[in-house]
Each structure stands twice: as C-alpha cells, then as structure tokens.
Amino acid sequence: MNLAILGMGTVGCGVVEVLSMNKSKITGLIGEDVTISHVFVNNIHKERDVDLKDAKLTDNIEDLYGADDIDAVIEVMGGMEDTRDILKKFLEKGIHVISANKDMLAKYIDELTEVANAHDARLLYEASVAGGIPILHAIEHGLNANEIHKVMGILNGTTNYILSKMTNDGWDYEKALKESQEKGYAEADPTNDVGGFDAQRKIVLLSRLAYDRKVDIEEVPVTGISNVELKDIETAKKEGLILKLVGKSEFDGQGLSVEVAPVFLPADHQLSSVAYEKNAVYVNGNAVGETMFYGPGAGGPETASAIVSDLINCWRNAGRKQFNLTPQQTASVKPSQSSNKYFIRFNAAEADVKAHLAGLNVEYSVVDADSGTTVVTSPIDPEQLEKLKQNREYRIESIYQVEGD
Ligand code: HSE
C-alpha cells in the first residue's frame with residue numbers, strides 16, 4: 001500500500017514513527033507493506049528527525065495529483081479552503097483520506113463526505129478530536145445502538161496543561177503556555193487553543209456524529225481561557241473547585257445546546273482529575289448510560305496512534321459502499337435554559353454585593369472579600385443571571401459557571 005503524507009510536523013513525524021515502531025503488526029493487519037511513497041511539505045530542505053528516504057519529497061501538490069500509485073492520503077498539514085480543495089481532488093479519484101484537521105473539518109466535513117461517498121472513498125478523522133482517544137470510533141461503532149443525548153469533555157490539551165499548571169503548581173498563564181508550546185501540544189498559532197476555538201471545532205465534530213445532525217460552527221458560543229486569573233483559580237481551589245475548559249452539548253431530539261467555556265468543577269467530578277495534556281470525553285447513551293473515555297489529547301505518536309488506526313480500519317473496510325456517515329438534518333442551536341451556580345468576582349465591597357444579590361433573591365456564599373468580593377451563587381436561571389450582570393455601579397471582574405447542584 002502506498003501512502004502520501006501531507007505535512008511533516010509533530011504529528012506527521014509521529015505517523016512515520018508509529019508505522020516503523022509497529023511495522024510487523026500493522027503489515028499483518030493491513031495484509032501488505034505500507035510504503036510512504038510521497039510527502040508534501042512547504043520546505044523540502046528542513047531537517048527532520050524521521051527517515052523519509054523511500055519517499056518522494058515535494059513542495060508541489062501537482063506531483064501528487066499526477067501520481068497514479070497512491071492508495072491513501074494522510075493530511076496533517078492544517079489549512080482551510082486550500083486543504084479542503086486538495087483533499088477533494090484525492091477523494092474524487094477514490095483515494096481514501098485520513099485527516100487530523102479539525103479546523104477545516106468542523107466547517108467542511110459535510111461537503112467532503114458527500115464527495116467521498118460519491119467516489120466510494122473513505123474519509124476518516126479520528127485524530128481530529130481528543131488526540132489519541134478513539135472517541136469517534138466509539139461513538140460511531142461502539143455506541144451506535146444508543147440514542148445519545150449528552151457529550152461533554154476536556155477537548156484541548158494545551159489549555160488543560162495551562163490550567164493544570166496554574167492550579168497544581170501555581171504557575172502563571174504565560175509560563176504555562178510557553179511550556180505547552182515547547183512540548184508540541186499547542187497549535188502553530190495558539191490563539192485557537194487558548195481562545196477555545198480548537199475545543200469548539202471538536203465539540204462540533206462530536207455532536208455531529210453523536211446526534212447524526214449537521215452543526216453550524218458559527219452558532220456555537222465559545223469563551224477561552226486567555227483572561228483567566230491565577231487568583232480566581234486559587235480562591236476556588238480553597239472551595240474544592242477546579243477550573244477546566246469544557247466543551248458540552250446536549251440534544252433533545254429537536255434543539256441542540258452547545259458551548260465551550262471555562263467551568264469550575266467540584267474536585268471529585270470525573271473530569272477534575274483529568275490533568276495536563278490529557279483529554280477526556282463523557283458520553284451519555286440511553287441504553288448504556290454514562291461512559292467516559294480518557295487519554296492523551298495531543299502529542300506526535302499519541303495522535304499518530306489514531307491516524308494509523310484509521311489507516312488500518314479503512315483498508316480493512318475497503319469495498320464497503322457509502323461508508324461515511326452523512327447527516328441529512330441540521331440541528332438548531334438554542335441557548336441552554338438550565339439553572340446553574342456561578343463563581344463571580346465583583347470589584348465592590350462585600351456589603352454592596354450582598355445588597356445587590358439580596359435584591360435579586362439570589363442565594364450565595366462569600367468565598368473571598370480581600371480584593372473585591374467573590375461569591376459562589378446557588379443555581380440561578382438565565383433571566384436572573386442577566387439581571388445580575390446588569391448592575392452598572394460596579395464591574396464583574398470574572399464569572400464562571402460552577403458545575404453541579
Ligand atoms: N492543540 C491541540 C490541543 C492539539 O492542545 O489539544 C490536538 O488537537
């Protein structure tokens with residue numbers, strides 16, 4: 001089997017490493033040798049730590065279009081419309097495509113799936129969500145006897161690494177971000193990680209698969225962690241609360257409520273112990289009940305584990321028609337109507353905050369009054385929350401949802 005790899009960064013090198021590390025097992029499962037025949041990169045002269053001597057290295061994608069011996073393409077180069085168009089060309093030739101590109105897929109997966117199905121090609125993308133955790137396979141195959149109503153998880157290794165370092169080791173945000181970049185967890189531009197957009201793309205892909213509905217990414221609200229302050233993490237920690245960037249979606253058969261935001265979780269919550277670059281995904285199915293999947297959310301060989309597994313599975317399923325799931329309906333995204341507890345830091349004296357909250361009939365406990373006043377409220381509904389935010393005499397410095405009753 002001849003394989004073309006588009007992109008040779010952390011994950012591309014991880015793919016080469018895994019193919020070599022487990023060569024005999026992979027050959028046995030596929031039924032023939034896997035040869036990396038073509039590699040497309042921006043810079044063919046860059047030093048890389050992997051052996052590509054059997055591959056034709058090129059910076060011209062036309063070289064690959066012209067080749068007639070490519071059986072599958074692995075795309076780990078990123079990019080949006082250009083990459084979509086490149087992948088379409090391969091799918092149109094019936095060549096299977098495996099992509100880790102959540103940014104592009106969250107927007108164009110329906111379009112690419114149609115092309116793939118029309119040409120009996122497979123489009124697999126396990127590595128695009130939660131790195132090495134085989135969560136897409138689990139939802140599509142292992143849980144397909146269920147109606148799924150809720151999916152939630154820690155879906156970004158970089159932000160989980162930063163928040164864990166701040167919580168467990170008292171690091172400041174910048175230092176933790178720098179180290180997560182050095183470890184290769186962050187995207188080339190970490191704005192997508194810390195801004196929550198990476199997790200937003202992943203919850204879109206998970207929701208589409210779990211509920212068999214198209215999901216418009218533009219409708220999914222997102223709050224990142226770039227404004228998180230260490231003092232809030234430390235105040236909350238004393239109250240047994242841990243901050244996590246959580247992607248959450250719930251579907252009632254009609255409307256979809258979905259959001260990415262930093263949320264305080266009780267220390268004994270299943271997701272609280274998911275630390276550093278690890279990810280976890282919770283799926284609730286109507287037959288199986290609660291399930292949890294845990295593992296590395298980023299990293300070269302870890303992500304490559306999912307990619308090479310897709311390669312093996314697509315080859316073993318060769319010949320199946322209309323392989324790729326194609327939702328026909330679009331989910332309408334609606335704001336959540338649930339009541340929630342909130343952690344709020346006001347830049348106001350305790351007496352003023354107490355008067356304000358009493359006027360709104362909100363119950364709360366004061367958790368810090370040293371610099372401004374920080375409270376944790378009892379559950380309040382979206383209308384009460386809006387009113388609470390409307391006070392113009394003082395600012396709300398920070399506000400986070402607190403998970404749990
Ligand atoms: N930058 C991503 C993360 C890589 O930190 O989770 C895996 O998608």
# chains A, B, ... in the order shown; residues from 1 in each chain; ligands from 1

call {"tool": "residues_near_ligand", "arguments": {"ligand": "ligand 1", "cutoff": "6 Å", "atoms": "only C-alpha atoms and all ligand atoms", "output": "PDB file with N, CA and C atoms, in the first residue's frame"}}
result
ATOM      1  N   GLY A 131      -7.110  13.844  20.296  1.00  0.00           N
ATOM      2  CA  GLY A 131      -5.817  13.192  20.018  1.00  0.00           C
ATOM      3  C   GLY A 131      -5.890  11.687  19.913  1.00  0.00           C
ATOM      4  N   ASN A 156      -9.088  19.957  24.806  1.00  0.00           N
ATOM      5  CA  ASN A 156      -7.889  20.658  24.339  1.00  0.00           C
ATOM      6  C   ASN A 156      -6.752  20.452  25.327  1.00  0.00           C
ATOM      7  N   GLY A 157      -5.682  19.824  24.851  1.00  0.00           N
ATOM      8  CA  GLY A 157      -4.551  19.501  25.716  1.00  0.00           C
ATOM      9  C   GLY A 157      -3.801  20.738  26.191  1.00  0.00           C
ATOM     10  N   THR A 158      -3.662  21.722  25.313  1.00  0.00           N
ATOM     11  CA  THR A 158      -2.896  22.922  25.655  1.00  0.00           C
ATOM     12  C   THR A 158      -3.536  23.669  26.818  1.00  0.00           C
ATOM     13  N   TYR A 185       2.212  20.667  22.187  1.00  0.00           N
ATOM     14  CA  TYR A 185       0.769  20.459  22.326  1.00  0.00           C
ATOM     15  C   TYR A 185      -0.020  21.531  21.582  1.00  0.00           C
ATOM     16  N   ALA A 186       0.503  22.770  21.608  1.00  0.00           N
ATOM     17  CA  ALA A 186      -0.263  23.903  21.062  1.00  0.00           C
ATOM     18  C   ALA A 186      -0.238  23.893  19.535  1.00  0.00           C
ATOM     19  N   GLU A 187      -1.253  24.522  18.950  1.00  0.00           N
ATOM     20  CA  GLU A 187      -1.264  24.733  17.504  1.00  0.00           C
ATOM     21  C   GLU A 187      -0.167  25.737  17.150  1.00  0.00           C
ATOM     22  N   ASP A 193      -6.122  27.542  20.498  1.00  0.00           N
ATOM     23  CA  ASP A 193      -6.184  26.748  21.729  1.00  0.00           C
ATOM     24  C   ASP A 193      -6.752  27.590  22.858  1.00  0.00           C
ATOM     25  N   GLY A 297      -4.512  13.974  24.723  1.00  0.00           N
ATOM     26  CA  GLY A 297      -5.238  14.803  23.773  1.00  0.00           C
ATOM     27  C   GLY A 297      -4.348  15.429  22.723  1.00  0.00           C
ATOM     28  N   ALA A 298      -3.050  15.311  22.886  1.00  0.00           N
ATOM     29  CA  ALA A 298      -2.132  15.940  21.935  1.00  0.00           C
ATOM     30  C   ALA A 298      -0.806  15.179  21.984  1.00  0.00           C
TER      31      ALA A 298
END

call {"tool": "residues_around", "arguments": {"residues": "stretch 236-248 of chain A", "least_positions_apart": "5", "cutoff": "6 Å", "atoms": "only C-alpha atoms", "output": "JSON, numbers by chain"}}
result
{"A": [151, 152, 153, 154, 203, 258, 259, 260, 261, 262, 263, 264, 265, 266, 267]}

call {"tool": "write_last_selection", "arguments": {"atoms": "N, CA, C and O atoms", "output": "mmCIF file, in the first residue's frame"}}
result
data_model
loop_
_atom_site.group_PDB
_atom_site.id
_atom_site.type_symbol
_atom_site.label_atom_id
_atom_site.label_comp_id
_atom_site.auth_asym_id
_atom_site.auth_seq_id
_atom_site.Cartn_x
_atom_site.Cartn_y
_atom_site.Cartn_z
ATOM 1 N N VAL A 151 -22.931 14.960 25.354
ATOM 2 C CA VAL A 151 -21.498 14.734 25.177
ATOM 3 C C VAL A 151 -20.793 15.901 25.845
ATOM 4 O O VAL A 151 -21.192 17.056 25.662
ATOM 5 N N MET A 152 -19.777 15.598 26.621
ATOM 6 C CA MET A 152 -19.064 16.700 27.263
ATOM 7 C C MET A 152 -17.633 16.270 27.497
ATOM 8 O O MET A 152 -17.362 15.085 27.679
ATOM 9 N N GLY A 153 -16.705 17.224 27.453
ATOM 10 C CA GLY A 153 -15.341 16.778 27.665
ATOM 11 C C GLY A 153 -14.319 17.882 27.760
ATOM 12 O O GLY A 153 -14.593 19.065 27.519
ATOM 13 N N ILE A 154 -13.141 17.444 28.144
ATOM 14 C CA ILE A 154 -11.953 18.295 28.105
ATOM 15 C C ILE A 154 -11.288 17.936 26.789
ATOM 16 O O ILE A 154 -10.787 16.815 26.624
ATOM 17 N N ILE A 203 -16.061 19.883 19.625
ATOM 18 C CA ILE A 203 -17.419 19.586 20.111
ATOM 19 C C ILE A 203 -18.401 19.591 18.933
ATOM 20 O O ILE A 203 -19.383 18.851 18.938
ATOM 21 N N VAL A 258 -25.178 23.879 23.019
ATOM 22 C CA VAL A 258 -23.757 23.527 22.893
ATOM 23 C C VAL A 258 -22.918 24.752 23.209
ATOM 24 O O VAL A 258 -23.275 25.871 22.853
ATOM 25 N N GLU A 259 -21.807 24.533 23.909
ATOM 26 C CA GLU A 259 -20.965 25.663 24.302
ATOM 27 C C GLU A 259 -19.580 25.179 24.704
ATOM 28 O O GLU A 259 -19.412 24.045 25.140
ATOM 29 N N VAL A 260 -18.593 26.064 24.548
ATOM 30 C CA VAL A 260 -17.260 25.826 25.104
ATOM 31 C C VAL A 260 -16.966 26.977 26.048
ATOM 32 O O VAL A 260 -17.090 28.147 25.662
ATOM 33 N N ALA A 261 -16.584 26.665 27.283
ATOM 34 C CA ALA A 261 -16.281 27.725 28.256
ATOM 35 C C ALA A 261 -15.474 27.154 29.410
ATOM 36 O O ALA A 261 -15.569 25.954 29.702
ATOM 37 N N PRO A 262 -14.687 28.005 30.088
ATOM 38 C CA PRO A 262 -14.048 27.535 31.321
ATOM 39 C C PRO A 262 -15.113 27.404 32.413
ATOM 40 O O PRO A 262 -15.919 28.319 32.596
ATOM 41 N N VAL A 263 -15.084 26.281 33.100
ATOM 42 C CA VAL A 263 -16.118 25.959 34.087
ATOM 43 C C VAL A 263 -15.432 25.445 35.354
ATOM 44 O O VAL A 263 -14.456 24.695 35.255
ATOM 45 N N PHE A 264 -15.935 25.829 36.522
ATOM 46 C CA PHE A 264 -15.420 25.244 37.762
ATOM 47 C C PHE A 264 -16.137 23.932 38.042
ATOM 48 O O PHE A 264 -17.381 23.880 38.023
ATOM 49 N N LEU A 265 -15.341 22.891 38.288
ATOM 50 C CA LEU A 265 -15.899 21.573 38.594
ATOM 51 C C LEU A 265 -15.554 21.221 40.037
ATOM 52 O O LEU A 265 -14.459 21.555 40.503
ATOM 53 N N PRO A 266 -16.452 20.531 40.742
ATOM 54 C CA PRO A 266 -16.079 20.048 42.075
ATOM 55 C C PRO A 266 -14.870 19.123 41.958
ATOM 56 O O PRO A 266 -14.737 18.398 40.958
ATOM 57 N N ALA A 267 -13.997 19.150 42.960
ATOM 58 C CA ALA A 267 -12.755 18.371 42.874
ATOM 59 C C ALA A 267 -13.018 16.878 42.686
ATOM 60 O O ALA A 267 -12.178 16.160 42.135
#

call {"tool": "select_by_dssp", "arguments": {"residues": "stretch 11-214 of chain A", "states": "strand (DSSP E or B)", "output": "tab-separated table (two decimals) with N, CA and C atoms, in the first residue's frame"}}
result
chain	number	residue	atom	x	y	z
A	35	THR	N	4.06	1.61	2.38
A	35	THR	CA	5.20	2.42	1.94
A	35	THR	C	4.80	3.88	1.90
A	36	ILE	N	5.60	4.71	2.57
A	36	ILE	CA	5.34	6.15	2.45
A	36	ILE	C	5.97	6.56	1.12
A	37	SER	N	5.10	6.70	0.11
A	37	SER	CA	5.63	6.92	-1.24
A	37	SER	C	5.81	8.40	-1.55
A	38	HIS	N	4.97	9.26	-0.95
A	38	HIS	CA	5.02	10.70	-1.25
A	38	HIS	C	4.86	11.50	0.04
A	39	VAL	N	5.62	12.58	0.14
A	39	VAL	CA	5.45	13.51	1.26
A	39	VAL	C	5.41	14.92	0.69
A	40	PHE	N	4.32	15.62	1.03
A	40	PHE	CA	4.16	17.00	0.57
A	40	PHE	C	4.41	17.94	1.75
A	56	LYS	N	9.07	10.27	-2.10
A	56	LYS	CA	9.33	11.44	-2.97
A	56	LYS	C	8.86	12.67	-2.19
A	57	LEU	N	9.85	13.49	-1.83
A	57	LEU	CA	9.53	14.69	-1.06
A	57	LEU	C	9.28	15.84	-2.03
A	58	THR	N	8.16	16.52	-1.89
A	58	THR	CA	7.87	17.59	-2.85
A	58	THR	C	7.16	18.76	-2.17
A	72	ALA	N	-3.74	5.87	-0.31
A	72	ALA	CA	-4.37	6.63	0.78
A	72	ALA	C	-3.53	7.87	1.07
A	73	VAL	N	-4.23	8.90	1.55
A	73	VAL	CA	-3.57	10.17	1.87
A	73	VAL	C	-3.81	10.48	3.34
A	74	ILE	N	-2.75	10.84	4.04
A	74	ILE	CA	-2.89	11.32	5.42
A	74	ILE	C	-2.61	12.82	5.41
A	75	GLU	N	-3.57	13.59	5.90
A	75	GLU	CA	-3.40	15.06	5.90
A	75	GLU	C	-3.18	15.57	7.31
A	96	HIS	N	-8.58	7.09	-0.44
A	96	HIS	CA	-9.03	7.30	0.94
A	96	HIS	C	-8.23	8.43	1.58
A	97	VAL	N	-8.92	9.21	2.42
A	97	VAL	CA	-8.27	10.35	3.08
A	97	VAL	C	-8.44	10.22	4.59
A	98	ILE	N	-7.34	10.43	5.29
A	98	ILE	CA	-7.36	10.46	6.76
A	98	ILE	C	-6.84	11.82	7.16
A	99	SER	N	-7.64	12.55	7.92
A	99	SER	CA	-7.26	13.92	8.25
A	99	SER	C	-7.34	14.17	9.74
A	123	LEU	N	-13.38	8.77	4.32
A	123	LEU	CA	-12.84	9.98	4.95
A	123	LEU	C	-12.87	9.70	6.45
A	124	LEU	N	-11.70	9.52	7.02
A	124	LEU	CA	-11.62	9.20	8.45
A	124	LEU	C	-10.85	10.31	9.16
A	148	ILE	N	-27.97	9.14	21.73
A	148	ILE	CA	-27.07	9.90	22.61
A	148	ILE	C	-27.69	11.27	22.86
A	149	HIS	N	-27.69	11.69	24.11
A	149	HIS	CA	-28.30	12.99	24.45
A	149	HIS	C	-27.29	13.98	25.01
A	150	LYS	N	-26.13	13.49	25.42
A	150	LYS	CA	-25.18	14.43	26.02
A	150	LYS	C	-23.75	13.99	25.74
A	151	VAL	N	-22.93	14.96	25.35
A	151	VAL	CA	-21.50	14.73	25.18
A	151	VAL	C	-20.79	15.90	25.85
A	152	MET	N	-19.78	15.60	26.62
A	152	MET	CA	-19.06	16.70	27.26
A	152	MET	C	-17.63	16.27	27.50
A	153	GLY	N	-16.70	17.22	27.45
A	153	GLY	CA	-15.34	16.78	27.66
A	153	GLY	C	-14.32	17.88	27.76
A	154	ILE	N	-13.14	17.44	28.14
A	154	ILE	CA	-11.95	18.30	28.11
A	154	ILE	C	-11.29	17.94	26.79
A	214	LYS	N	-26.19	17.80	11.12
A	214	LYS	CA	-25.21	18.81	10.75
A	214	LYS	C	-25.23	19.89	11.83

call {"tool": "residues_around", "arguments": {"residues": "A:Ser336", "least_positions_apart": "4", "cutoff": "10 Å", "atoms": "only C-alpha atoms", "output": "PyMOL selection string"}}
result
chain A and resi 249-250+255-259+381-382

call {"tool": "select_by_dssp", "arguments": {"residues": "stretch 22-149 of chain A", "states": "alpha helix (DSSP H)", "output": "PyMOL selection string"}}
result
chain A and resi 23-30+61-66+81-92+102-118+135-137

call {"tool": "write_last_selection", "arguments": {"atoms": "C-alpha atoms", "output": "PDB file, in the first residue's frame"}}
result
ATOM      1  CA  LYS A  23       5.656  -2.300  11.343  1.00  0.00           C
ATOM      2  CA  SER A  24       5.068  -6.029  11.567  1.00  0.00           C
ATOM      3  CA  LYS A  25       1.735  -5.738  13.408  1.00  0.00           C
ATOM      4  CA  ILE A  26       0.459  -3.062  11.018  1.00  0.00           C
ATOM      5  CA  THR A  27       1.584  -5.043   7.961  1.00  0.00           C
ATOM      6  CA  GLY A  28      -0.252  -8.081   9.325  1.00  0.00           C
ATOM      7  CA  LEU A  29      -3.480  -6.155   9.879  1.00  0.00           C
ATOM      8  CA  ILE A  30      -3.395  -4.442   6.509  1.00  0.00           C
ATOM      9  CA  ILE A  61       0.989  19.248  -4.786  1.00  0.00           C
ATOM     10  CA  GLU A  62       0.622  18.707  -8.556  1.00  0.00           C
ATOM     11  CA  ASP A  63       3.297  15.989  -8.241  1.00  0.00           C
ATOM     12  CA  LEU A  64       0.858  14.030  -6.109  1.00  0.00           C
ATOM     13  CA  TYR A  65      -2.128  14.633  -8.375  1.00  0.00           C
ATOM     14  CA  GLY A  66      -0.055  13.239 -11.213  1.00  0.00           C
ATOM     15  CA  GLU A  81     -10.169  26.048   1.908  1.00  0.00           C
ATOM     16  CA  ASP A  82      -6.941  25.173   0.078  1.00  0.00           C
ATOM     17  CA  THR A  83      -6.651  21.972   2.052  1.00  0.00           C
ATOM     18  CA  ARG A  84     -10.324  21.128   1.508  1.00  0.00           C
ATOM     19  CA  ASP A  85      -9.825  21.512  -2.240  1.00  0.00           C
ATOM     20  CA  ILE A  86      -6.708  19.357  -2.214  1.00  0.00           C
ATOM     21  CA  LEU A  87      -8.469  16.586  -0.281  1.00  0.00           C
ATOM     22  CA  LYS A  88     -11.463  16.746  -2.621  1.00  0.00           C
ATOM     23  CA  LYS A  89      -9.182  16.026  -5.566  1.00  0.00           C
ATOM     24  CA  PHE A  90      -7.938  12.835  -3.915  1.00  0.00           C
ATOM     25  CA  LEU A  91     -11.419  11.725  -2.854  1.00  0.00           C
ATOM     26  CA  GLU A  92     -12.669  12.301  -6.396  1.00  0.00           C
ATOM     27  CA  LYS A 102     -10.370  19.734  12.936  1.00  0.00           C
ATOM     28  CA  ASP A 103     -10.383  23.401  11.871  1.00  0.00           C
ATOM     29  CA  MET A 104     -11.198  22.528   8.281  1.00  0.00           C
ATOM     30  CA  LEU A 105     -13.391  19.504   9.043  1.00  0.00           C
ATOM     31  CA  ALA A 106     -15.636  21.302  11.535  1.00  0.00           C
ATOM     32  CA  LYS A 107     -16.622  23.580   8.664  1.00  0.00           C
ATOM     33  CA  TYR A 108     -16.418  21.381   5.580  1.00  0.00           C
ATOM     34  CA  ILE A 109     -16.959  17.795   6.685  1.00  0.00           C
ATOM     35  CA  ASP A 110     -20.427  17.508   5.132  1.00  0.00           C
ATOM     36  CA  GLU A 111     -19.134  18.726   1.791  1.00  0.00           C
ATOM     37  CA  LEU A 112     -16.149  16.365   1.870  1.00  0.00           C
ATOM     38  CA  THR A 113     -18.253  13.414   2.998  1.00  0.00           C
ATOM     39  CA  GLU A 114     -20.543  13.832   0.008  1.00  0.00           C
ATOM     40  CA  VAL A 115     -17.562  13.756  -2.333  1.00  0.00           C
ATOM     41  CA  ALA A 116     -16.122  10.725  -0.541  1.00  0.00           C
ATOM     42  CA  ASN A 117     -19.372   8.777  -0.739  1.00  0.00           C
ATOM     43  CA  ALA A 118     -19.867   9.656  -4.389  1.00  0.00           C
ATOM     44  CA  ILE A 135     -13.773   8.569  20.682  1.00  0.00           C
ATOM     45  CA  LEU A 136     -15.155   8.932  17.143  1.00  0.00           C
ATOM     46  CA  HIS A 137     -14.844   5.197  16.573  1.00  0.00           C
TER      47      HIS A 137
END

call {"tool": "closest_residue", "arguments": {"among": "A:Val41, A:Val50, A:Ala304, A:Leu205", "to": "A:Val11", "atoms": "only C-alpha atoms"}}
result
A:Ala304

call {"tool": "atom_distance", "arguments": {"atom1": "atom CA of A:Glu403", "atom2": "atom CA of A:Lys175"}}
result
27.6 Å

call {"tool": "residues_around", "arguments": {"residues": "A:Gln329", "least_positions_apart": "4", "cutoff": "12 Å", "atoms": "only C-alpha atoms", "output": "list in words"}}
result
Asp110, Arg208, Tyr211, Asp212, Arg213, Lys214, Val215, Asp216, Gly253, Gln254 and Gly255 of chain A

call {"tool": "closest_residue", "arguments": {"among": "A:Leu311, A:Leu230, A:Leu357, A:Val194", "to": "A:Met1", "atoms": "only C-alpha atoms"}}
result
A:Leu311

call {"tool": "closest_residue", "arguments": {"among": "A:Ser365, A:Ser339, A:Ser398, A:Gln328", "to": "A:Ile233", "atoms": "only C-alpha atoms"}}
result
A:Ser398

call {"tool": "atom_distance", "arguments": {"atom1": "atom CA of A:Asn160", "atom2": "atom CA of A:Leu6"}}
result
27.9 Å

call {"tool": "atom_distance", "arguments": {"atom1": "atom CA of A:Lys202", "atom2": "atom CA of A:Val129"}}
result
5.3 Å

call {"tool": "closest_residue", "arguments": {"among": "A:Val222, A:Val402, A:Cys13, A:Ala358", "to": "A:Gln384", "atoms": "only C-alpha atoms"}}
result
A:Ala358

call {"tool": "residues_around", "arguments": {"residues": "A:Asp49", "least_positions_apart": "5", "cutoff": "12 Å", "atoms": "only C-alpha atoms", "output": "ChimeraX atom specification"}}
result
/A:8-10,12-14,16-17

call {"tool": "closest_residue", "arguments": {"among": "A:Thr377, A:Thr159, A:Asn313, A:Asn22", "to": "A:Glu363", "atoms": "only C-alpha atoms"}}
result
A:Thr377

call {"tool": "residues_around", "arguments": {"residues": "stretch 388-392 of chain A", "least_positions_apart": "2", "cutoff": "10 Å", "atoms": "only C-alpha atoms", "output": "JSON, numbers by chain"}}
result
{"A": [356, 357, 359, 360, 362, 380, 382, 383, 384, 385, 386, 394, 395, 396, 399]}

call {"tool": "closest_residue", "arguments": {"among": "A:Gly404, A:Tyr173, A:Val367, A:Gly79", "to": "A:Gln270", "atoms": "only C-alpha atoms"}}
result
A:Gly404
